[in-house]
Amino acid sequence: MAKLCFRFPVFIFPTLSATKQCISTSTEIYGRLHYKNGPANAFRHTFWNYLIAKKCFRWRNNMDAVLVWVEKITNWHENAFPNRELAKKMDLHNNKIGRAIFKEHFSKLESQVIDILREMTSNAIKIDVETDFTLVKNQLVYIIDNE
């Protein structure tokens, strides 16, 4: 982690800010459901990656560098805080979609992207250990239904 932060020091503050805002927005929209492995969690992971990229892009207007950072820091997070294998696959998948959303919609307002993500969340696909992720590559995925 220290090596990663040393390589991209300018991204540390925007990443922390994005994380705080992501949790706040996810709680505002979904309550505590985003802490479970349902559709709200898919929203949170996707929005988190989008938001880190958006905030870092303001500091360094280099799409490739920003996306490298976001992938490295969110992959680090998934490895530092181990999860069940399927949950980890789900999180990594939704994280990747968040980066793709940023790349496609980086010039849009955050509120517009939130609307896009909420629509994607409402159409998220429930997965299990048999799921072929190549068939859901552009869709948000989740494991359990929100209670």
# chains A, B, ... in the order shown; residues from 1 in each chain; ligands from 1

call {"tool": "residues_around", "arguments": {"residues": "stretch 50-67 of chain A", "least_positions_apart": "3", "cutoff": "7 Å", "atoms": "only C-alpha atoms", "output": "ChimeraX atom specification"}}
result
/A:11,14-15,18,46-47,70-71,98-99,101-102,106

call {"tool": "residues_around", "arguments": {"residues": "A:Thr131", "least_positions_apart": "4", "cutoff": "12 Å", "atoms": "only C-alpha atoms", "output": "ChimeraX atom specification"}}
result
/A:86,89-90,125-127,135-137,141-143

call {"tool": "write_last_selection", "arguments": {"atoms": "N, CA and C atoms", "output": "CSV table (one decimal), in the first residue's frame"}}
result
chain,number,residue,atom,x,y,z
A,86,LEU,N,-16.9,-15.8,-4.2
A,86,LEU,CA,-17.9,-15.2,-5.1
A,86,LEU,C,-18.2,-13.7,-4.8
A,89,LYS,N,-15.4,-11.8,-6.4
A,89,LYS,CA,-15.6,-11.7,-7.9
A,89,LYS,C,-16.6,-10.7,-8.2
A,90,MET,N,-17.7,-10.7,-7.4
A,90,MET,CA,-18.8,-9.7,-7.6
A,90,MET,C,-18.2,-8.3,-7.5
A,125,ILE,N,-28.1,-8.3,-12.1
A,125,ILE,CA,-28.3,-9.7,-12.3
A,125,ILE,C,-27.8,-10.5,-11.0
A,126,LYS,N,-28.6,-11.3,-10.5
A,126,LYS,CA,-28.2,-12.2,-9.4
A,126,LYS,C,-27.3,-13.3,-9.9
A,127,ILE,N,-26.2,-13.5,-9.3
A,127,ILE,CA,-25.2,-14.5,-9.7
A,127,ILE,C,-25.1,-15.6,-8.6
A,135,LEU,N,-20.8,-13.4,-19.7
A,135,LEU,CA,-22.2,-13.1,-20.1
A,135,LEU,C,-22.9,-11.9,-19.5
A,136,VAL,N,-22.2,-11.4,-18.4
A,136,VAL,CA,-22.8,-10.3,-17.7
A,136,VAL,C,-21.8,-9.1,-17.6
A,137,LYS,N,-20.9,-9.1,-18.6
A,137,LYS,CA,-19.8,-8.1,-18.5
A,137,LYS,C,-20.2,-6.7,-18.5
A,141,VAL,N,-23.8,-6.9,-10.9
A,141,VAL,CA,-24.2,-8.2,-10.4
A,141,VAL,C,-24.3,-8.2,-8.9
A,142,TYR,N,-25.0,-9.1,-8.3
A,142,TYR,CA,-25.2,-9.2,-6.9
A,142,TYR,C,-25.4,-10.7,-6.5
A,143,ILE,N,-25.3,-11.0,-5.2
A,143,ILE,CA,-25.4,-12.4,-4.7
A,143,ILE,C,-26.8,-12.6,-4.0

call {"tool": "atom_distance", "arguments": {"atom1": "atom CA of A:Phe81", "atom2": "atom CA of A:Asn123"}}
result
27.5 Å

call {"tool": "closest_residue", "arguments": {"among": "A:Ser26, A:Thr19, A:Thr74, A:Asn41", "to": "A:Lys96", "atoms": "only C-alpha atoms"}}
result
A:Thr74

call {"tool": "residues_around", "arguments": {"residues": "A:Lys36", "least_positions_apart": "6", "cutoff": "12 Å", "atoms": "only C-alpha atoms", "output": "VMD selection string"}}
result
chain A and resid 26 to 27 30 42 to 45 87 91 142 to 147

call {"tool": "write_last_selection", "arguments": {"atoms": "N, CA, C and O atoms", "output": "compact mmCIF listing (two decimals), in the first residue's frame"}}
result
# COMPACT_ATOMS: atom_id res chain seq x y z
N SER A 26 -24.53 6.34 -0.94
CA SER A 26 -25.12 5.00 -0.93
C SER A 26 -26.10 4.85 0.23
O SER A 26 -27.18 4.27 0.07
N THR A 27 -25.73 5.38 1.39
CA THR A 27 -26.61 5.31 2.56
C THR A 27 -27.86 6.17 2.34
O THR A 27 -28.97 5.76 2.69
N TYR A 30 -29.90 4.04 -0.38
CA TYR A 30 -30.26 2.65 -0.07
C TYR A 30 -30.29 2.30 1.41
O TYR A 30 -30.49 1.13 1.75
N ALA A 42 -23.85 -3.48 -5.22
CA ALA A 42 -23.35 -3.33 -6.59
C ALA A 42 -23.27 -1.85 -6.95
O ALA A 42 -22.29 -1.39 -7.52
N PHE A 43 -24.31 -1.10 -6.57
CA PHE A 43 -24.30 0.35 -6.80
C PHE A 43 -23.09 0.98 -6.11
O PHE A 43 -22.35 1.75 -6.70
N ARG A 44 -22.91 0.64 -4.83
CA ARG A 44 -21.83 1.26 -4.06
C ARG A 44 -20.46 1.01 -4.69
O ARG A 44 -19.67 1.93 -4.84
N HIS A 45 -20.18 -0.22 -5.06
CA HIS A 45 -18.87 -0.52 -5.64
C HIS A 45 -18.67 0.19 -6.98
O HIS A 45 -17.59 0.71 -7.26
N ALA A 87 -18.16 -13.35 -3.52
CA ALA A 87 -18.34 -11.93 -3.18
C ALA A 87 -17.19 -11.09 -3.73
O ALA A 87 -17.39 -9.97 -4.21
N ASP A 91 -17.50 -8.07 -6.38
CA ASP A 91 -16.97 -6.72 -6.12
C ASP A 91 -16.01 -6.28 -7.22
O ASP A 91 -16.10 -5.15 -7.71
N TYR A 142 -25.04 -9.11 -8.32
CA TYR A 142 -25.18 -9.22 -6.86
C TYR A 142 -25.41 -10.69 -6.50
O TYR A 142 -25.69 -11.51 -7.37
N ILE A 143 -25.29 -10.98 -5.21
CA ILE A 143 -25.43 -12.35 -4.74
C ILE A 143 -26.76 -12.59 -4.03
O ILE A 143 -27.43 -13.57 -4.30
N ILE A 144 -27.12 -11.70 -3.13
CA ILE A 144 -28.35 -11.91 -2.36
C ILE A 144 -29.34 -10.79 -2.62
O ILE A 144 -28.97 -9.67 -2.96
N ASP A 145 -30.62 -11.11 -2.48
CA ASP A 145 -31.65 -10.09 -2.62
C ASP A 145 -31.60 -9.18 -1.40
O ASP A 145 -31.33 -9.64 -0.28
N ASN A 146 -31.85 -7.91 -1.61
CA ASN A 146 -31.92 -6.97 -0.47
C ASN A 146 -33.11 -7.34 0.40
O ASN A 146 -34.17 -7.67 -0.09
N GLU A 147 -32.87 -7.29 1.69
CA GLU A 147 -33.95 -7.59 2.63
C GLU A 147 -34.60 -6.31 3.08
O GLU A 147 -34.06 -5.28 3.06

call {"tool": "atom_distance", "arguments": {"atom1": "atom CA of A:His105", "atom2": "atom CA of A:Asn79"}}
result
27.7 Å

call {"tool": "atom_distance", "arguments": {"atom1": "atom CA of A:Leu109", "atom2": "atom CA of A:Thr134"}}
result
29.5 Å
